[in-house]
Each structure stands twice: as structure tokens, then as C-alpha cells.
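With mmCIF, C-alpha atoms inside, this is input20.cif:
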data_input
#
loop_
_atom_site.label_atom_id
_atom_site.label_comp_id
_atom_site.auth_asym_id
_atom_site.auth_seq_id
_atom_site.Cartn_x
_atom_site.Cartn_y
_atom_site.Cartn_z
CA LEU A 14 -14.12 22.66 -9.93
CA ALA A 15 -17.68 23.80 -9.37
CA ASP A 16 -19.70 22.78 -6.33
CA ASN A 17 -21.91 19.69 -6.73
CA SER A 18 -20.31 18.60 -10.03
CA PHE A 19 -19.89 14.83 -9.70
CA ASP A 20 -21.91 11.81 -8.61
CA PHE A 21 -18.73 9.89 -7.77
CA VAL A 22 -15.55 11.36 -6.28
CA ALA A 23 -12.53 9.22 -5.38
CA CYS A 24 -9.22 9.80 -3.65
CA ARG A 25 -6.95 6.79 -3.82
CA LEU A 26 -3.97 6.47 -1.46
CA SER A 27 -3.49 10.23 -1.23
CA LEU A 28 -5.03 11.56 1.97
CA GLN A 29 -2.37 9.69 3.92
CA ILE A 30 0.50 11.68 2.43
CA PHE A 31 -0.80 15.22 2.97
CA HIS A 32 -0.37 17.24 6.14
CA GLN A 33 -4.02 18.38 6.25
CA PRO A 34 -6.12 15.58 4.76
CA GLU A 35 -9.29 17.14 6.19
CA LYS A 36 -8.99 20.09 3.81
CA ILE A 37 -8.75 17.76 0.82
CA LEU A 38 -11.70 15.74 2.06
CA HIS A 39 -13.80 18.91 2.40
CA GLU A 40 -13.00 19.71 -1.23
CA LEU A 41 -14.02 16.22 -2.33
CA VAL A 42 -17.35 16.64 -0.56
CA ARG A 43 -17.82 20.14 -2.02
CA ILE A 44 -17.52 18.90 -5.60
CA CYS A 45 -19.74 15.86 -4.98
CA ARG A 46 -23.45 16.21 -5.78
CA PRO A 47 -26.00 15.62 -3.01
CA GLY A 48 -26.74 11.90 -3.05
CA GLY A 49 -23.36 11.18 -4.65
CA ARG A 50 -20.58 9.15 -3.05
CA VAL A 51 -17.08 10.02 -1.93
CA TYR A 52 -14.63 7.10 -1.92
CA ILE A 53 -11.26 7.07 -0.19
CA THR A 54 -8.63 4.37 0.06
CA ASN A 55 -5.71 4.46 2.45
CA GLU A 56 -3.11 2.01 3.60
CA MET A 57 -2.82 0.29 6.93
CA LEU A 58 0.90 -0.41 7.16
CA GLY A 59 0.66 -1.27 10.85
CA ALA A 60 -1.22 -4.42 9.78
CA VAL A 61 1.18 -5.65 7.09
CA VAL A 62 1.92 -9.28 7.92
CA GLY A 63 3.76 -12.21 6.49
CA TYR A 64 5.19 -15.62 7.20
CA PRO A 65 8.02 -16.50 7.35
CA ASN A 66 9.94 -13.46 8.61
CA THR A 67 6.97 -12.34 10.72
CA GLN A 68 8.87 -10.37 13.36
CA ALA A 69 11.29 -8.73 10.91
CA ILE A 70 8.34 -7.59 8.78
CA ARG A 71 6.48 -6.18 11.79
CA ASP A 72 9.58 -4.39 13.06
CA GLY A 73 10.32 -2.95 9.61
CA TYR A 74 6.84 -1.54 9.13
CA GLN A 75 6.75 -0.10 12.65
CA ALA A 76 10.03 1.68 11.84
CA PHE A 77 8.54 2.82 8.52
CA LEU A 78 5.51 4.24 10.32
CA GLU A 79 7.82 6.13 12.67
CA VAL A 80 9.85 7.57 9.78
CA SER A 81 6.68 8.60 7.95
CA ARG A 82 5.19 10.20 11.09
CA GLN A 83 8.38 12.20 11.55
CA GLY A 84 7.81 13.50 8.03
CA GLY A 85 4.16 14.37 8.71
CA VAL A 86 2.73 11.41 6.78
CA ASP A 87 0.24 8.87 8.16
CA LEU A 88 0.65 5.57 6.33
CA ASP A 89 -1.60 3.88 8.88
CA MET A 90 -4.59 6.12 8.07
CA GLY A 91 -6.82 3.37 6.64
CA PRO A 92 -8.74 2.57 9.84
CA LYS A 93 -9.56 6.27 10.28
CA GLY A 94 -11.76 6.25 7.14
CA ARG A 95 -15.06 6.05 8.96
CA TYR A 96 -14.13 8.88 11.31
CA LEU A 97 -12.88 11.04 8.44
CA LEU A 98 -16.02 10.57 6.36
CA GLN A 99 -18.33 11.19 9.32
CA SER A 100 -16.37 14.32 10.26
CA VAL A 101 -17.24 15.94 6.91
CA GLY A 102 -20.94 15.10 7.20
CA LEU A 103 -21.20 12.04 4.96
CA GLU A 104 -23.70 9.31 5.76
CA ASP A 105 -24.35 5.70 4.73
CA ILE A 106 -20.66 4.98 5.29
CA THR A 107 -19.21 1.65 4.20
CA ILE A 108 -15.77 0.25 4.96
CA SER A 109 -13.99 -2.67 3.31
CA GLN A 110 -10.54 -4.09 3.77
CA ILE A 111 -8.76 -5.14 0.60
CA ASN A 112 -5.94 -7.56 1.20
CA VAL A 113 -3.33 -7.44 -1.53
CA SER A 114 -1.28 -10.59 -1.11
CA ASN A 115 1.21 -12.79 -2.88
CA THR A 116 -1.62 -15.27 -3.49
CA ASN A 117 -4.07 -12.87 -5.19
CA SER A 118 -1.58 -10.78 -7.15
CA ASP A 119 1.67 -11.27 -9.01
CA PRO A 120 4.32 -11.85 -6.31
CA THR A 121 7.08 -10.28 -8.42
CA GLU A 122 5.06 -7.10 -8.94
CA LEU A 123 4.07 -6.93 -5.27
CA ALA A 124 7.72 -7.32 -4.25
CA ARG A 125 8.62 -4.48 -6.64
CA VAL A 126 6.05 -2.23 -4.93
CA VAL A 127 7.61 -2.99 -1.55
CA GLU A 128 11.06 -2.27 -3.00
CA LEU A 129 9.82 1.13 -4.17
CA TRP A 130 8.63 1.85 -0.63
CA ILE A 131 12.20 1.41 0.58
CA ARG A 132 13.16 4.41 -1.57
CA VAL A 133 10.10 6.33 -0.39
CA ALA A 134 11.11 5.65 3.21
CA TRP A 135 14.55 7.13 2.47
CA GLN A 136 12.84 10.26 1.12
CA PHE A 137 10.55 10.56 4.14
CA GLY A 138 13.48 9.97 6.46
CA ALA A 139 15.69 12.56 4.75
CA ALA A 140 12.91 15.15 4.78
CA ALA A 141 12.27 14.53 8.48
CA GLY A 142 15.92 14.32 9.48
CA ALA A 143 15.32 10.78 10.76
CA ASP A 144 18.17 8.74 12.17
CA ALA A 145 19.86 6.57 9.53
CA ALA A 146 19.65 3.59 11.91
CA LEU A 147 15.85 3.87 11.81
CA HIS A 148 15.92 3.66 8.05
CA ALA A 149 18.19 0.62 8.24
CA ASP A 150 15.43 -1.02 10.34
CA VAL A 151 12.88 -0.08 7.67
CA GLU A 152 14.99 -1.51 4.88
CA ARG A 153 15.72 -4.73 6.77
CA GLY A 154 12.00 -5.28 7.44
CA LEU A 155 10.83 -4.43 3.94
CA ARG A 156 13.48 -6.69 2.40
CA ALA A 157 12.24 -9.48 4.71
CA HIS A 158 8.75 -8.73 3.40
CA MET A 159 9.97 -9.01 -0.19
CA GLU A 160 11.65 -12.32 0.63
CA THR A 161 8.38 -13.61 2.11
CA ILE A 162 6.36 -12.38 -0.88
CA LEU A 163 8.66 -14.28 -3.26
CA ASN A 164 8.80 -17.42 -1.11
CA GLU A 165 6.62 -20.10 -2.74
CA GLN A 166 5.59 -21.32 0.72
CA GLY A 167 5.26 -17.83 2.20
CA TYR A 168 2.23 -15.64 2.65
CA ALA A 169 2.33 -11.85 2.79
CA VAL A 170 -0.52 -9.32 3.01
CA TRP A 171 -0.62 -5.56 2.32
CA PRO A 172 -3.96 -4.23 3.65
CA ILE A 173 -5.80 -1.31 2.06
CA ILE A 174 -8.94 0.20 3.59
CA ALA A 175 -11.62 1.42 1.18
CA ALA A 176 -14.26 3.70 2.65
CA SER A 177 -17.16 5.56 1.11
CA GLY A 178 -19.95 7.81 2.22
CA ARG A 179 -22.95 9.46 0.64
CA LYS A 180 -23.33 13.23 0.58
CA PRO A 181 -26.68 14.06 2.17
CA PHE A 182 -29.41 15.66 0.10
CA ARG A 183 -29.93 18.21 2.87
CA ALA A 184 -27.32 20.65 4.15
CA SER A 185 -25.35 19.17 7.04
#
As C-alpha cells, what does this structure read like?
Amino acid sequence: LADNSFDFVACRLSLQIFHQPEKILHELVRICRPGGRVYITNEMLGAVVGYPNTQAIRDGYQAFLEVSRQGGVDLDMGPKGRYLLQSVGLEDITISQINVSNTNSDPTELARVVELWIRVAWQFGAAAGADAALHADVERGLRAHMETILNEQGYAVWPIIAASGRKPFRAS
């Protein structure tokens, strides 16, 4: 794509799965027009919470983060949005946390997303040569999360961080 082509450039839940997200971010800025905005969203799996099953959920997502790190993936990248956008010269940076929960979305669909992540964790773990016991911890925690999501008295949150910055009119 040509330099300075778009007023709005977005990268949704992708920077976190690439080994060199900075290179992708530089490309997003390159194709954005001066004065345009670059938007990124990334997950914050270290902050997934729920009740009941609080400790099992925490333990499962910590194991998932370890498996993903072993595979070169950062599924806790969300809070780094401000730093990432500043590092490529963007200004007027805004950050918002979007809480996807079993009270603001369809619990069955949210549980299905978590179930898909169990398979993704297996793929990350296999690629990284992770210990099968670590994946068992991931699966146990994510299944506890699914149980909480589907519990009519439960509450479960999956946080997403949305960040945006404006490309300066002047060269940075």
C-alpha cells in the first residue's frame, strides 16, 4: 500500500500474535495519512476474572500466558498500547478498556470463544514444545472460566484494550 493512504487504520487483536509487532505498527503508521488515526486492540489475559472459580480461572490464564510466551506470543499485550503507539511517534493517544462479559454479551457465545482458546493453547504449546502438564493447567482454568460464564449467578470478564493515536502532521 502507498504511504499516507488512509485516514483510519486499524489492527484488531493481531499485534499480540506476531513476533515483531513493532514492524507491523510501523507499517500501519506509514500507510496512515498525517492527521489520521491508528487504532489497535489487544487482549489482557492476565486480567481475565470471574466468580465463582476465581482461583482456577486465574491459574489457567497464567498458565496460558506462559504457554503463549514460550511460543513467542504476548496475549497480555493490551496494557502496552500506549507505549507502542508513542514508540512509533503517534500523539493524542487514547486508551480504553472494553470488558466483554457474560452480562453484556451472549454467555453461550462467550463460552464458545473460550473453548476455542483451549485449542489455540494446544497449538501454541505444541509449537513451543511446552510441557503437557502446563497445557492441562490451561485447559482446567479455561473450562472453569466457561463454567463461570454459563453460571446464571456467575460473572466473568474478558478485557480488551483499545488504543489509538494520531499521526502528526509534521515528520517525527
Legend entry - Expansion of the PyMOL selection byres ((chain A and resi 97) around 10) into residues, as a ChimeraX atom specification: /A:34-35,38-39,53,90-96,98-103,176,178
Residues around (6.9, 1.3, 11.1), cut-off 12 Å, counting all atoms listed in the file - what are they as a PDB file with C-alpha atoms, in the coordinates of the input?
ATOM      1  CA  MET A  57      -2.820   0.290   6.930  1.00  0.00           C
ATOM      2  CA  LEU A  58       0.900  -0.410   7.160  1.00  0.00           C
ATOM      3  CA  GLY A  59       0.660  -1.270  10.850  1.00  0.00           C
ATOM      4  CA  ALA A  60      -1.220  -4.420   9.780  1.00  0.00           C
ATOM      5  CA  VAL A  61       1.180  -5.650   7.090  1.00  0.00           C
ATOM      6  CA  ALA A  69      11.290  -8.730  10.910  1.00  0.00           C
ATOM      7  CA  ILE A  70       8.340  -7.590   8.780  1.00  0.00           C
ATOM      8  CA  ARG A  71       6.480  -6.180  11.790  1.00  0.00           C
ATOM      9  CA  ASP A  72       9.580  -4.390  13.060  1.00  0.00           C
ATOM     10  CA  GLY A  73      10.320  -2.950   9.610  1.00  0.00           C
ATOM     11  CA  TYR A  74       6.840  -1.540   9.130  1.00  0.00           C
ATOM     12  CA  GLN A  75       6.750  -0.100  12.650  1.00  0.00           C
ATOM     13  CA  ALA A  76      10.030   1.680  11.840  1.00  0.00           C
ATOM     14  CA  PHE A  77       8.540   2.820   8.520  1.00  0.00           C
ATOM     15  CA  LEU A  78       5.510   4.240  10.320  1.00  0.00           C
ATOM     16  CA  GLU A  79       7.820   6.130  12.670  1.00  0.00           C
ATOM     17  CA  VAL A  80       9.850   7.570   9.780  1.00  0.00           C
ATOM     18  CA  SER A  81       6.680   8.600   7.950  1.00  0.00           C
ATOM     19  CA  ARG A  82       5.190  10.200  11.090  1.00  0.00           C
ATOM     20  CA  GLN A  83       8.380  12.200  11.550  1.00  0.00           C
ATOM     21  CA  VAL A  86       2.730  11.410   6.780  1.00  0.00           C
ATOM     22  CA  ASP A  87       0.240   8.870   8.160  1.00  0.00           C
ATOM     23  CA  LEU A  88       0.650   5.570   6.330  1.00  0.00           C
ATOM     24  CA  ASP A  89      -1.600   3.880   8.880  1.00  0.00           C
ATOM     25  CA  TRP A 130       8.630   1.850  -0.630  1.00  0.00           C
ATOM     26  CA  ILE A 131      12.200   1.410   0.580  1.00  0.00           C
ATOM     27  CA  ALA A 134      11.110   5.650   3.210  1.00  0.00           C
ATOM     28  CA  GLY A 138      13.480   9.970   6.460  1.00  0.00           C
ATOM     29  CA  LEU A 147      15.850   3.870  11.810  1.00  0.00           C
ATOM     30  CA  HIS A 148      15.920   3.660   8.050  1.00  0.00           C
ATOM     31  CA  ALA A 149      18.190   0.620   8.240  1.00  0.00           C
ATOM     32  CA  ASP A 150      15.430  -1.020  10.340  1.00  0.00           C
ATOM     33  CA  VAL A 151      12.880  -0.080   7.670  1.00  0.00           C
ATOM     34  CA  GLU A 152      14.990  -1.510   4.880  1.00  0.00           C
ATOM     35  CA  ARG A 153      15.720  -4.730   6.770  1.00  0.00           C
ATOM     36  CA  GLY A 154      12.000  -5.280   7.440  1.00  0.00           C
ATOM     37  CA  LEU A 155      10.830  -4.430   3.940  1.00  0.00           C
TER      38      LEU A 155
END
Inset, instruction - Can you give me, as a ChimeraX atom specification, the residues this file yields under the PyMOL selection byres ((chain A and resi 20) around 6)? - result: /A:19,21,45-46,49
Could you save those same residues with C-alpha atoms as an mmCIF file, in the coordinates of the input?
data_model
loop_
_atom_site.group_PDB
_atom_site.id
_atom_site.type_symbol
_atom_site.label_atom_id
_atom_site.label_comp_id
_atom_site.auth_asym_id
_atom_site.auth_seq_id
_atom_site.Cartn_x
_atom_site.Cartn_y
_atom_site.Cartn_z
ATOM 1 C CA PHE A 19 -19.890 14.830 -9.700
ATOM 2 C CA PHE A 21 -18.730 9.890 -7.770
ATOM 3 C CA CYS A 45 -19.740 15.860 -4.980
ATOM 4 C CA ARG A 46 -23.450 16.210 -5.780
ATOM 5 C CA GLY A 49 -23.360 11.180 -4.650
#
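Comparing A:Gln68, A:Thr116, A:Gly85, A:Gly63 by their smallest distance to A:Ala169, the closest is A:Gly63 (using only C-alpha atoms).
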Inset, instruction - Record the distance separating atom CA of A:Ile108 and atom CA of A:Leu14, expressed in Å with one decimal. - result: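 Atom CA of A:Leu14 lies at a distance of 27.0 Å from atom CA of A:Ile108.
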So which residues get picked by the PyMOL selection byres ((chain A and resi 170) around 10) here, written as a short mmCIF file (atom, residue, chain, number, x, y, z; two decimals) with C-alpha atoms, keeping the file's coordinate frame?
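Result went into result_0.cif, see below:
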data_model
loop_
_atom_site.label_atom_id
_atom_site.label_comp_id
_atom_site.auth_asym_id
_atom_site.auth_seq_id
_atom_site.Cartn_x
_atom_site.Cartn_y
_atom_site.Cartn_z
CA LEU A 58 0.90 -0.41 7.16
CA ALA A 60 -1.22 -4.42 9.78
CA VAL A 61 1.18 -5.65 7.09
CA VAL A 62 1.92 -9.28 7.92
CA GLY A 63 3.76 -12.21 6.49
CA TYR A 64 5.19 -15.62 7.20
CA ILE A 111 -8.76 -5.14 0.60
CA ASN A 112 -5.94 -7.56 1.20
CA VAL A 113 -3.33 -7.44 -1.53
CA SER A 114 -1.28 -10.59 -1.11
CA ASN A 115 1.21 -12.79 -2.88
CA THR A 116 -1.62 -15.27 -3.49
CA ASN A 117 -4.07 -12.87 -5.19
CA LEU A 123 4.07 -6.93 -5.27
CA HIS A 158 8.75 -8.73 3.40
CA THR A 161 8.38 -13.61 2.11
CA ILE A 162 6.36 -12.38 -0.88
CA TYR A 168 2.23 -15.64 2.65
CA ALA A 169 2.33 -11.85 2.79
CA TRP A 171 -0.62 -5.56 2.32
CA PRO A 172 -3.96 -4.23 3.65
CA ILE A 173 -5.80 -1.31 2.06
#
